Structure formats: C-alpha cells, structure tokens
$ cat model25.txt   # compact mmCIF, C-alpha atoms and all ligand atoms
# COMPACT_ATOMS: atom_id res chain seq x y z
CA MET A 557 -1.82 15.12 -30.83
CA ARG A 558 -0.61 16.77 -27.60
CA ILE A 559 -0.41 14.36 -24.68
CA ALA A 560 0.66 15.63 -21.24
CA LYS A 561 4.25 14.65 -20.37
CA SER A 562 3.11 12.91 -17.20
CA VAL A 563 0.76 10.75 -19.28
CA GLN A 564 3.32 10.02 -22.01
CA SER A 565 5.55 8.36 -19.41
CA LEU A 566 2.69 6.83 -17.42
CA VAL A 567 2.83 3.10 -16.74
CA PRO A 568 -0.86 2.16 -16.46
CA TYR A 569 -2.20 -0.12 -13.74
CA THR A 570 -2.56 -3.70 -14.91
CA PRO A 571 -5.72 -5.33 -13.56
CA GLY A 572 -5.90 -9.11 -13.14
CA GLU A 573 -6.73 -11.05 -16.28
CA GLN A 574 -10.45 -11.64 -17.04
CA PRO A 575 -10.30 -14.81 -19.16
CA LYS A 576 -13.10 -15.24 -21.73
CA ALA A 577 -13.71 -18.95 -21.23
CA ARG A 578 -16.27 -19.72 -18.51
CA SER A 579 -14.77 -23.04 -17.52
CA VAL A 580 -11.65 -21.58 -15.91
CA ILE A 581 -10.94 -21.57 -12.18
CA LYS A 582 -10.55 -17.91 -11.45
CA LEU A 583 -8.57 -17.12 -8.33
CA ASN A 584 -6.75 -14.02 -9.56
CA THR A 585 -8.80 -10.91 -8.73
CA ASN A 586 -10.18 -11.59 -5.24
CA GLU A 587 -13.76 -11.78 -6.46
CA ASN A 588 -16.28 -13.62 -4.31
CA PRO A 589 -17.07 -17.15 -5.53
CA TYR A 590 -20.67 -16.94 -4.28
CA PRO A 591 -23.55 -15.00 -5.86
CA PRO A 592 -24.73 -11.62 -4.57
CA SER A 593 -27.90 -11.25 -2.50
CA PRO A 594 -31.09 -12.49 -4.21
CA LEU A 595 -32.69 -9.19 -3.16
CA ILE A 596 -30.80 -7.69 -6.11
CA GLU A 597 -32.68 -9.91 -8.56
CA LYS A 598 -35.92 -8.49 -7.22
CA VAL A 599 -34.65 -4.93 -7.61
CA LEU A 600 -33.64 -5.61 -11.19
CA ALA A 601 -36.92 -7.37 -12.06
CA SER A 602 -39.04 -4.50 -10.76
CA PHE A 603 -36.78 -1.57 -11.69
CA ASP A 604 -38.86 1.28 -13.11
CA LEU A 605 -37.30 2.17 -16.47
CA ASP A 606 -38.38 5.76 -15.95
CA ARG A 607 -35.59 5.98 -13.39
CA LEU A 608 -33.13 5.46 -16.23
CA ARG A 609 -34.68 8.28 -18.22
CA ARG A 610 -33.89 10.66 -15.38
CA TYR A 611 -30.50 11.43 -13.80
CA PRO A 612 -29.70 9.54 -10.60
CA ASP A 613 -29.58 11.12 -7.15
CA PRO A 614 -26.22 12.95 -7.29
CA VAL A 615 -25.73 12.64 -3.54
CA PHE A 616 -27.10 9.08 -3.11
CA ARG A 617 -29.26 9.95 -0.09
CA GLU A 618 -30.86 6.55 0.52
CA LEU A 619 -27.60 4.72 0.14
CA ARG A 620 -25.80 7.05 2.53
CA GLU A 621 -28.54 6.63 5.09
CA LYS A 622 -28.25 2.84 4.86
CA ILE A 623 -24.44 2.96 5.15
CA ALA A 624 -24.68 5.36 8.10
CA GLU A 625 -27.16 3.02 9.81
CA ILE A 626 -24.90 -0.03 9.35
CA TYR A 627 -21.79 1.74 10.61
CA HIS A 628 -23.46 3.82 13.35
CA THR A 629 -22.48 7.15 11.88
CA SER A 630 -24.22 10.07 10.21
CA PRO A 631 -24.95 10.31 6.45
CA SER A 632 -22.95 13.56 6.36
CA ARG A 633 -19.82 11.47 7.04
CA VAL A 634 -20.45 9.12 4.10
CA PHE A 635 -19.30 9.38 0.49
CA VAL A 636 -20.06 6.93 -2.34
CA GLY A 637 -18.03 6.23 -5.47
CA ASN A 638 -18.15 4.27 -8.69
CA GLY A 639 -16.08 1.54 -7.08
CA SER A 640 -13.59 2.33 -4.35
CA ASP A 641 -11.01 2.94 -7.08
CA GLU A 642 -12.98 6.08 -7.93
CA VAL A 643 -12.90 7.20 -4.30
CA LEU A 644 -9.11 6.83 -4.42
CA THR A 645 -8.87 8.91 -7.61
CA LEU A 646 -11.01 11.63 -6.05
CA ALA A 647 -8.91 11.57 -2.88
CA ALA A 648 -5.75 12.12 -4.94
CA ARG A 649 -7.53 15.12 -6.48
CA ALA A 650 -8.94 16.54 -3.24
CA PHE A 651 -6.18 16.03 -0.67
CA VAL A 652 -2.90 16.51 -2.54
CA ASP A 653 -1.34 19.73 -3.82
CA ASP A 654 1.02 19.78 -6.80
CA ASP A 655 4.10 20.16 -4.58
CA GLU A 656 3.13 17.26 -2.28
CA ALA A 657 3.33 13.47 -2.55
CA ILE A 658 1.24 10.31 -2.11
CA GLY A 659 2.52 7.43 0.02
CA SER A 660 1.68 3.86 0.90
CA PHE A 661 3.31 0.74 2.24
CA ASP A 662 5.39 -1.41 -0.08
CA PRO A 663 4.19 -3.89 -1.11
CA SER A 664 0.59 -2.77 -1.23
CA TYR A 665 -2.17 -2.20 -3.78
CA SER A 666 -0.21 -1.32 -6.91
CA LEU A 667 -2.86 1.11 -8.18
CA TYR A 668 -1.67 3.68 -5.60
CA LYS A 669 1.57 4.31 -7.47
CA THR A 670 -0.34 4.78 -10.72
CA LEU A 671 -2.69 7.24 -9.01
CA ALA A 672 0.28 9.35 -7.99
CA ALA A 673 1.62 9.23 -11.56
CA ILE A 674 -1.78 10.28 -12.97
CA ARG A 675 -1.92 13.10 -10.44
CA ASP A 676 1.69 13.92 -11.48
CA VAL A 677 3.09 13.90 -7.94
CA PRO A 678 5.80 11.61 -6.49
CA PHE A 679 4.88 8.29 -4.95
CA VAL A 680 6.71 7.59 -1.67
CA PRO A 681 6.85 3.90 -0.73
CA SER A 682 7.23 2.80 2.90
CA PRO A 683 8.96 -0.61 2.86
CA LEU A 684 7.29 -3.14 5.15
CA ALA A 685 9.32 -5.43 7.39
CA ASP A 686 10.60 -8.70 5.87
CA ASP A 687 7.58 -10.61 7.19
CA PHE A 688 5.30 -7.85 5.81
CA SER A 689 4.49 -6.59 9.30
CA TRP A 690 4.13 -2.88 10.08
CA ALA A 691 7.03 -0.50 9.45
CA GLU A 692 7.10 3.18 10.28
CA PRO A 693 5.52 5.05 7.34
CA VAL A 694 7.80 7.41 5.40
CA THR A 695 6.19 10.82 5.40
CA ARG A 696 8.55 12.79 3.14
CA GLY A 697 9.80 12.14 -0.36
CA PRO A 698 13.55 12.09 -1.20
CA ASP A 699 13.24 15.72 -2.33
CA GLY A 700 11.70 16.70 1.00
CA ARG A 701 8.14 16.94 -0.32
CA PRO A 702 5.59 16.07 2.34
CA VAL A 703 3.32 13.06 1.86
CA ALA A 704 -0.17 14.61 1.97
CA LEU A 705 -2.14 11.40 1.46
CA PHE A 706 -1.17 8.02 2.90
CA LEU A 707 -3.10 5.06 1.46
CA LEU A 708 -3.10 2.31 4.04
CA THR A 709 -4.62 -0.99 2.93
CA ASN A 710 -5.85 -2.93 5.93
CA PRO A 711 -5.83 -5.91 5.70
CA ASN A 712 -3.02 -5.27 3.29
CA ALA A 713 -2.99 -6.54 -0.28
CA PRO A 714 -1.31 -8.56 -1.63
CA THR A 715 0.15 -9.63 1.73
CA SER A 716 -3.23 -10.49 3.38
CA ILE A 717 -1.97 -9.26 6.77
CA LEU A 718 -4.03 -7.12 9.17
CA TYR A 719 -2.45 -4.29 11.18
CA PRO A 720 -3.90 -3.56 14.62
CA SER A 721 -6.04 -0.41 14.59
CA GLU A 722 -3.97 0.99 17.51
CA LEU A 723 -0.96 1.21 15.16
CA VAL A 724 -3.06 2.88 12.49
CA GLN A 725 -4.44 5.35 15.01
CA ALA A 726 -1.03 6.19 16.49
CA PHE A 727 0.35 6.82 13.00
CA ALA A 728 -2.66 8.93 11.94
CA ARG A 729 -2.35 11.09 15.06
CA SER A 730 1.30 11.82 14.25
CA PHE A 731 0.65 12.48 10.56
CA PRO A 732 -0.37 15.92 9.32
CA GLY A 733 -1.91 14.65 6.06
CA VAL A 734 -4.96 12.48 5.31
CA VAL A 735 -4.90 8.73 5.96
CA ILE A 736 -7.23 6.58 3.88
CA VAL A 737 -7.60 3.16 5.41
CA ASP A 738 -8.53 1.03 2.43
CA GLU A 739 -10.65 -1.72 3.99
CA ALA A 740 -11.56 -3.51 0.76
CA TYR A 741 -11.11 -6.82 2.62
CA ALA A 742 -12.16 -5.89 6.15
CA ASP A 743 -15.31 -8.02 6.13
CA PHE A 744 -12.95 -11.03 6.08
CA ALA A 745 -10.93 -9.70 9.04
CA ASP A 746 -11.27 -9.78 12.82
CA SER A 747 -11.26 -6.01 13.26
CA SER A 748 -11.79 -2.73 11.43
CA CYS A 749 -10.73 0.90 11.67
CA VAL A 750 -14.27 2.25 11.10
CA PRO A 751 -14.42 3.50 14.72
CA LEU A 752 -11.42 5.76 13.97
CA ALA A 753 -13.33 7.37 11.10
CA ALA A 754 -16.21 8.06 13.45
CA ASP A 755 -14.06 9.51 16.24
CA PRO A 756 -13.91 13.34 16.16
CA SER A 757 -10.43 13.23 17.71
CA ASP A 758 -9.13 11.41 14.61
CA ALA A 759 -9.83 14.22 12.21
CA ASN A 760 -7.67 12.92 9.36
CA VAL A 761 -8.84 9.28 9.02
CA ILE A 762 -11.11 8.08 6.21
CA VAL A 763 -12.08 4.42 6.06
CA MET A 764 -12.99 3.04 2.67
CA ARG A 765 -15.04 -0.05 1.77
CA THR A 766 -16.15 -1.77 -1.41
CA LEU A 767 -19.05 -4.01 -2.40
CA SER A 768 -16.73 -5.81 -4.84
CA LYS A 769 -15.46 -8.47 -2.44
CA SER A 770 -17.63 -9.44 0.53
CA TYR A 771 -20.89 -8.46 -1.23
CA SER A 772 -19.96 -10.30 -4.47
CA LEU A 773 -20.54 -7.18 -6.58
CA ALA A 774 -17.28 -6.43 -8.42
CA GLY A 775 -19.28 -5.95 -11.62
CA LEU A 776 -21.55 -3.32 -10.08
CA ARG A 777 -18.84 -0.75 -9.24
CA LEU A 778 -19.73 0.56 -5.82
CA GLY A 779 -17.38 1.75 -3.11
CA PHE A 780 -17.86 4.12 -0.23
CA CYS A 781 -16.00 5.81 2.55
CA ILE A 782 -16.67 7.19 6.00
CA GLY A 783 -14.76 10.09 7.46
CA PRO A 784 -14.70 13.60 8.88
CA GLU A 785 -17.30 15.90 7.36
CA ASP A 786 -14.82 18.42 5.95
CA LEU A 787 -12.92 15.68 4.09
CA VAL A 788 -16.15 14.10 2.83
CA GLU A 789 -17.33 17.50 1.62
CA ALA A 790 -14.08 17.93 -0.31
CA LEU A 791 -14.74 14.64 -2.11
CA TYR A 792 -18.21 15.87 -3.10
CA LYS A 793 -16.67 19.02 -4.50
CA VAL A 794 -14.36 17.21 -6.91
CA LYS A 795 -16.58 14.35 -8.08
CA ASP A 796 -18.49 14.13 -11.36
CA SER A 797 -22.09 15.26 -10.92
CA TYR A 798 -23.58 11.78 -11.34
CA ASN A 799 -20.77 9.44 -10.42
CA VAL A 800 -22.98 6.55 -9.26
CA ASP A 801 -25.71 5.42 -11.64
CA ALA A 802 -29.31 4.75 -10.60
CA LEU A 803 -29.10 0.96 -11.08
CA ALA A 804 -25.94 0.71 -9.01
CA GLN A 805 -27.51 2.80 -6.24
CA ALA A 806 -30.62 0.61 -6.14
CA CYS A 807 -28.71 -2.70 -6.25
CA ALA A 808 -26.21 -1.54 -3.63
CA LEU A 809 -29.05 -0.56 -1.33
CA ALA A 810 -30.50 -4.07 -1.64
CA ALA A 811 -27.12 -5.72 -1.06
CA LEU A 812 -26.38 -3.64 2.02
CA SER A 813 -29.84 -4.40 3.37
CA ASP A 814 -29.05 -8.12 3.28
CA GLN A 815 -26.27 -8.32 5.88
CA PRO A 816 -27.02 -11.98 6.74
CA TRP A 817 -26.39 -12.99 3.11
CA MET A 818 -23.02 -11.23 3.06
CA ARG A 819 -22.08 -12.71 6.45
CA ARG A 820 -23.01 -16.25 5.35
CA ASN A 821 -20.85 -16.00 2.24
CA THR A 822 -18.00 -14.45 4.19
CA SER A 823 -18.06 -17.29 6.74
CA LYS A 824 -17.88 -19.86 3.96
CA VAL A 825 -14.87 -18.05 2.45
CA LEU A 826 -13.13 -17.92 5.85
CA LYS A 827 -13.61 -21.65 6.41
CA THR A 828 -12.22 -22.46 2.95
CA ARG A 829 -9.37 -19.99 3.47
CA GLU A 830 -8.23 -21.66 6.67
CA GLU A 831 -8.50 -25.18 5.21
CA THR A 832 -6.50 -24.21 2.11
CA ALA A 833 -3.85 -22.37 4.15
CA SER A 834 -3.41 -25.40 6.45
CA GLU A 835 -3.04 -27.78 3.53
CA LEU A 836 -0.48 -25.57 1.78
CA ARG A 837 1.48 -25.19 5.03
CA ARG A 838 1.38 -28.96 5.50
CA ARG A 839 3.03 -29.21 2.07
CA GLY A 840 5.81 -26.84 3.11
CA TRP A 841 4.48 -23.57 1.66
CA ASP A 842 4.95 -20.33 3.58
CA VAL A 843 1.50 -18.83 4.09
CA PRO A 844 1.21 -15.71 6.27
CA PRO A 845 -1.92 -15.59 8.44
CA SER A 846 -4.56 -14.17 6.11
CA GLN A 847 -7.27 -11.78 7.26
CA SER A 848 -8.66 -11.37 3.76
CA ASN A 849 -10.20 -13.48 1.01
CA PHE A 850 -6.84 -14.47 -0.47
CA LEU A 851 -3.55 -16.09 0.49
CA PHE A 852 -0.11 -14.72 -0.30
CA ALA A 853 1.80 -17.96 -0.44
CA ARG A 854 5.40 -18.95 -1.17
CA PRO A 855 5.63 -22.34 -2.86
CA ALA A 856 7.67 -25.12 -1.28
CA HIS A 857 9.52 -26.35 -4.35
CA ARG A 858 9.14 -24.51 -7.64
CA PRO A 859 9.55 -20.78 -8.31
CA ALA A 860 6.26 -18.90 -8.09
CA ALA A 861 6.59 -17.51 -11.63
CA GLU A 862 6.86 -21.02 -13.07
CA LEU A 863 3.92 -22.28 -11.06
CA PHE A 864 1.81 -19.31 -12.12
CA GLU A 865 2.36 -20.21 -15.80
CA ALA A 866 1.88 -23.93 -15.22
CA LEU A 867 -1.42 -23.30 -13.42
CA ARG A 868 -2.53 -20.93 -16.16
CA ALA A 869 -1.87 -23.63 -18.77
CA ARG A 870 -4.37 -25.73 -16.82
CA ASN A 871 -6.93 -22.90 -16.80
CA ILE A 872 -6.32 -22.11 -13.15
CA PHE A 873 -5.74 -18.37 -12.82
CA VAL A 874 -3.94 -16.97 -9.77
CA ARG A 875 -2.06 -13.66 -9.50
CA TYR A 876 1.68 -13.20 -9.75
CA PHE A 877 3.42 -9.90 -8.98
CA PRO A 878 7.03 -9.88 -10.19
CA GLY A 879 9.47 -7.86 -8.11
CA PRO A 880 11.91 -8.20 -5.23
CA ARG A 881 9.29 -8.21 -2.44
CA THR A 882 6.55 -10.20 -4.14
CA GLY A 883 8.10 -12.31 -6.89
CA ASP A 884 8.58 -15.47 -4.80
CA ARG A 885 4.86 -15.78 -4.00
CA LEU A 886 1.46 -16.33 -5.56
CA ARG A 887 -1.63 -14.45 -4.53
CA ILE A 888 -4.45 -16.95 -4.50
CA SER A 889 -8.05 -15.78 -4.09
CA VAL A 890 -10.24 -18.06 -2.02
CA GLY A 891 -12.80 -19.74 -4.27
CA THR A 892 -15.36 -22.44 -3.57
CA ASP A 893 -14.28 -25.66 -1.90
CA ALA A 894 -14.38 -27.30 -5.34
CA ASP A 895 -12.13 -24.56 -6.82
CA MET A 896 -9.60 -25.02 -4.04
CA ALA A 897 -9.69 -28.81 -4.36
CA SER A 898 -8.85 -28.45 -8.08
CA LEU A 899 -6.05 -26.01 -7.26
CA LEU A 900 -4.59 -28.28 -4.59
CA ALA A 901 -4.81 -31.31 -6.89
CA ALA A 902 -2.99 -29.42 -9.66
CA LEU A 903 -0.32 -28.21 -7.22
CA GLN A 904 0.18 -31.75 -5.98
CA GLU A 905 1.57 -32.54 -9.42
CA LEU A 906 3.13 -29.19 -10.32
CA ASP A 907 4.91 -28.35 -7.08
CA ALA A 908 6.38 -31.76 -6.36
C1 LIG A 1001 -6.87 -2.91 -1.70
C2 LIG A 1001 -7.90 -2.66 -2.73
N1 LIG A 1001 -8.53 -1.48 -2.74
C3 LIG A 1001 -9.46 -1.20 -3.67
C4 LIG A 1001 -9.79 -2.13 -4.64
C5 LIG A 1001 -10.78 -1.75 -5.70
O1 LIG A 1001 -12.05 -2.03 -5.35
P1 LIG A 1001 -13.28 -1.56 -6.24
O2 LIG A 1001 -13.71 -2.76 -7.02
O3 LIG A 1001 -14.30 -1.10 -5.26
O4 LIG A 1001 -12.83 -0.43 -7.13
C6 LIG A 1001 -9.16 -3.36 -4.67
C7 LIG A 1001 -9.50 -4.33 -5.72
O5 LIG A 1001 -8.94 -5.35 -5.91
C8 LIG A 1001 -8.18 -3.64 -3.69
O6 LIG A 1001 -7.52 -4.80 -3.68

$ encode --input "model25.txt" --output "structure tokens" --more "lines below"
Ligand SMILES: Cc1ncc(COP(=O)(O)O)c(C=O)c1O
Amino acid sequence: MRIAKSVQSLVPYTPGEQPKARSVIKLNTNENPYPPSPLIEKVLASFDLDRLRRYPDPVFRELREKIAEIYHTSPSRVFVGNGSDEVLTLAARAFVDDDEAIGSFDPSYSLYKTLAAIRDVPFVPSPLADDFSWAEPVTRGPDGRPVALFLLTNPNAPTSILYPSELVQAFARSFPGVVIVDEAYADFADSSCVPLAADPSDANVIVMRTLSKSYSLAGLRLGFCIGPEDLVEALYKVKDSYNVDALAQACALAALSDQPWMRRNTSKVLKTREETASELRRRGWDVPPSQSNFLFARPAHRPAAELFEALRARNIFVRYFPGPRTGDRLRISVGTDADMASLLAALQELDA
C-alpha cells in the first residue's frame, strides 16, 4: 500500500484520554462540567426525522445569521465548521502554499504542529517568554520560507494566559499572512479580539470560536469563525459540501440562542477557577493568572509527571505535557466545586 512520505513520518496529535468509567473526575480536556442548554433537549425531542433524510444546509444560513447577530457582524463574514479543529484544517488548506510555513507560539495548542505536518509544510514555533508572556512572533522558517498562517491561541493553551488585543492587532498589521486568533476559551476571559475580525482595516485577522467549552458541547462538534469576506469565501471553497450535519446545526442554534445559560455556567466556572487557583497558590504552587477554564500549575513539592500518574491512579484525570517548556506543570481543567474539592484533597496527600 502506498502511503505519502509526509504521512509515513507523521506523528499524530494525541487528544486527552477519554476514560470509559463514569465515576472518574475528568479534568483533562477542558470540557465544561455543567450541562448544555435545556433548549437543546427540546430541539432533539421535536426534531423532524425528515430533516435527516435530506442533506443539511451546506452554508448553514440560520446559524450564520445567529452568530452574526451575537457578534454584531454580517453573515457573509461567518464560517462554520465541524468543530473548530475542522476550521483549522481548512485554514491550513486555504491560506498556505506548498513553499510556505505555518507558525504559532510555543507552547501552544499542540495540534497546530500536526496540522503543518499533515499539510506537509514546516511548522515554525515562536518561543514565548519564560513566564509565557508575549514574545515577538517568528515569521520566517530557518530555510527562509515565509509563515503564511499564524495560529494565535488567545487565551493561550496550555498556559491559560490572555494577550492584550492591542498586541495581537499590532502583530497582525505587521504580518503579511493570515492570523487566526483561536478564541476557544475567550468566553472565560476579560476581553476578545472579535472586534479586530470585524474591522475592515484588519484585513488578515480571523477570530475562531468553539461551542465545545463555554457552551458545554464538545460532543456536538461545532466551531465557527468570523473574518474578512475574502478569507471566509476561501474557507467555503475548500470545505466538504456538507461539513456540518443537520442535528449539529439545529442544536448549535438552540445553544447560541440561550446566552444566559452559557453565561451562568461560565460564571460558575470562573468562581471555581479563582478559588482553586488561590488554594493551590496558598500551598506553594505556581499558578499563572488564568483567563480560561483551566489552570497551568507547577506543583510545590513533587514533579508534575509523578503527580499526574498518582492522580490518575486515584481516577483523577488531569493533563500532562512532557517537554522542556511544559513538563514541570499540570494542566487542570476547572470542574465542579465537588470535583475540585476531591482534587485538592488528593493533592493534600500526594504533594506533601
Ligand atoms: C486552543 C484550542 N483550539 C481549538 C480546540 C478544538 O476545539 P473543537 O472542539 O471546537 O474542535 C481546542 C480543544 O481543546 C483548543 O484547546
């Protein structure tokens, strides 16, 4: 069987573990601990099965209108994907030529590097400062290839830190390629770059969102982005005809229509986040100020890798990223108050 050379050597992205047992405390994939909007139950209960017989709306008109209404923009500036991961894959297809490169900060969402490998172009990391604050993005690869697409997670993952939108804007204005601001966690943050995606003078900025985190819908697979019309049109050109199924479109519409529900859940997560961060700091952990639904915390006593395994043995799942920049920390998603109490109780014993 002939497999492309770039795929033979490809190191696939490793998603966080999805343990089978239901009784685990799952703080490893930044899911929301609270249920999605009850409006979705109604949609599912009354969903006309005939809509499954037919193909879905290939250009998700209703959904785009709702997104445009929420973000005060026009539907022609909105694109929807089967999860924001799909939007990223399509962006790598639409905005990067074979002799160009894809860049992002380091550390950041590790899928970006895999996307470059799948697209068979170099990945150019831009090392962040020691405290994970902003560093000037690298815009050329070692071989001189230009970075055509810069994937800028804000707030960043796994660091949890938010960059001011002025820095993002100044960079985007100096950068000839496309900047995708991946705002998967922005509903947990104090500010957003959406206004840049709506500003005609920022013609290279796309802001991307997902329903997986703040809307509690990781299982639905729905992401979207807002940006200049020519870039959005390019994404439409390269997508599969029916990339978002009819059920996902209907459920996403219901979820987006229930902003108060999302806001209530988000506020609960923020309160729990701050309480957990304070308690860990009190115990001597280093916890950068989080603007997301997770903490990127360096333990006070034991190595992070050991703690990760010890927690796992107690059915408490957090995320550990080996490596020079990330290997001394744990990424801990914010769960319910009860989840965090169990975590803190376990750490009391394990990190003594
Ligand atoms: C920074 C970032 N972007 C995108 C995603 C993917 O989101 P989705 O579930 O919409 O594909 C994640 C998921 O963890 C993420 O952390």

$ atom_distance --input "model25.txt" --atom1 "atom CA of Val694 of chain A" --atom2 "atom CA of Ala647 of chain A"
19.1 Å

$ closest_residue --input "model25.txt" --among "A:Ala894, A:Val643, A:Ala601, A:Ala853" --to "ligand LIG 1001 (chain A)" --atoms "only C-alpha atoms and all ligand atoms"
A:Val643

$ closest_residue --input "model25.txt" --among "A:Ile596, A:Val636, A:Ile762, A:Ile581" --to "ligand LIG 1001 (chain A)" --atoms "all atoms listed in the file"
A:Val636

$ closest_residue --input "model25.txt" --among "A:Ala790, A:Leu867, A:Ala901, A:Ile736" --to "ligand LIG 1001 (chain A)" --atoms "only C-alpha atoms and all ligand atoms"
A:Ile736

$ atom_distance --input "model25.txt" --atom1 "atom CA of Asn849 of chain A" --atom2 "atom CA of Phe780 of chain A"
19.2 Å

$ closest_residue --input "model25.txt" --among "A:Gly733, A:Pro663, A:Gly891, A:Pro591" --to "Ala774 of chain A" --atoms "only C-alpha atoms"
A:Pro591

$ atom_distance --input "model25.txt" --atom1 "atom CA of Leu718 of chain A" --atom2 "atom CA of Leu863 of chain A"
26.5 Å

$ residues_near_ligand --input "model25.txt" --ligand "ligand LIG 1001 (chain A)" --cutoff "8 Å" --atoms "all atoms listed in the file" --output "list in words"
Thr585, Asn586, Asn638, Gly639, Ser640, Asp641, Glu642, Ser664, Tyr665, Thr709, Asn710, Asn712, Ala713, Pro714, Asp738, Glu739, Ala740, Tyr741, Arg765, Thr766, Leu767, Ser768, Lys769, Ala774, Gly775, Arg777, Leu778 and Gly779 of chain A

$ residues_around --input "model25.txt" --residues "segment 799-813 of chain A" --least-positions-apart "2" --cutoff "9 Å" --atoms "only C-alpha atoms" --output "PyMOL selection string"
chain A and resi 592-600+603+607-608+610-616+618-619+622-623+626+636-639+642+767+771+773+776-778+795-797+815-818

$ closest_residue --input "model25.txt" --among "A:Gln904, A:Ser579, A:Gln725, A:Ser823" --to "Ser757 of chain A" --atoms "all atoms listed in the file"
A:Gln725

$ residues_around --input "model25.txt" --residues "Leu899 of chain A" --least-positions-apart "2" --cutoff "12 Å" --atoms "all atoms listed in the file" --output "ChimeraX atom specification"
/A:580-583,832,835-836,863-864,866-868,870-874,888-897,901-907

$ residues_around --input "model25.txt" --residues "Asp653 of chain A" --least-positions-apart "2" --cutoff "12 Å" --atoms "all atoms listed in the file" --output "PDB file with C-alpha atoms, in the frame of the given file"
ATOM      1  CA  ALA A 647      -8.910  11.570  -2.880  1.00  0.00           C
ATOM      2  CA  ALA A 648      -5.750  12.120  -4.940  1.00  0.00           C
ATOM      3  CA  ARG A 649      -7.530  15.120  -6.480  1.00  0.00           C
ATOM      4  CA  ALA A 650      -8.940  16.540  -3.240  1.00  0.00           C
ATOM      5  CA  PHE A 651      -6.180  16.030  -0.670  1.00  0.00           C
ATOM      6  CA  ASP A 655       4.100  20.160  -4.580  1.00  0.00           C
ATOM      7  CA  GLU A 656       3.130  17.260  -2.280  1.00  0.00           C
ATOM      8  CA  ALA A 657       3.330  13.470  -2.550  1.00  0.00           C
ATOM      9  CA  ILE A 658       1.240  10.310  -2.110  1.00  0.00           C
ATOM     10  CA  ALA A 672       0.280   9.350  -7.990  1.00  0.00           C
ATOM     11  CA  ARG A 675      -1.920  13.100 -10.440  1.00  0.00           C
ATOM     12  CA  ASP A 676       1.690  13.920 -11.480  1.00  0.00           C
ATOM     13  CA  VAL A 677       3.090  13.900  -7.940  1.00  0.00           C
ATOM     14  CA  PRO A 678       5.800  11.610  -6.490  1.00  0.00           C
ATOM     15  CA  ARG A 701       8.140  16.940  -0.320  1.00  0.00           C
ATOM     16  CA  PRO A 702       5.590  16.070   2.340  1.00  0.00           C
ATOM     17  CA  VAL A 703       3.320  13.060   1.860  1.00  0.00           C
ATOM     18  CA  ALA A 704      -0.170  14.610   1.970  1.00  0.00           C
ATOM     19  CA  LEU A 705      -2.140  11.400   1.460  1.00  0.00           C
ATOM     20  CA  GLY A 733      -1.910  14.650   6.060  1.00  0.00           C
TER      21      GLY A 733
END

$ residues_around --input "model25.txt" --residues "segment 680-689 of chain A" --least-positions-apart "3" --cutoff "9 Å" --atoms "all atoms listed in the file" --output "ChimeraX atom specification"
/A:657-663,669,692-698,703,715,717-719,844,881

$ residues_near_point --input "model25.txt" --point "(-0.8, -0.8, -9.1)" --cutoff "9 Å" --atoms "all atoms listed in the file" --output "MDAnalysis selection string"
chainID A and resid 568:571 664:671

$ closest_residue --input "model25.txt" --among "A:Glu587, A:Glu722, A:Asp606, A:Asp654" --to "Ser848 of chain A" --atoms "only C-alpha atoms"
A:Glu587
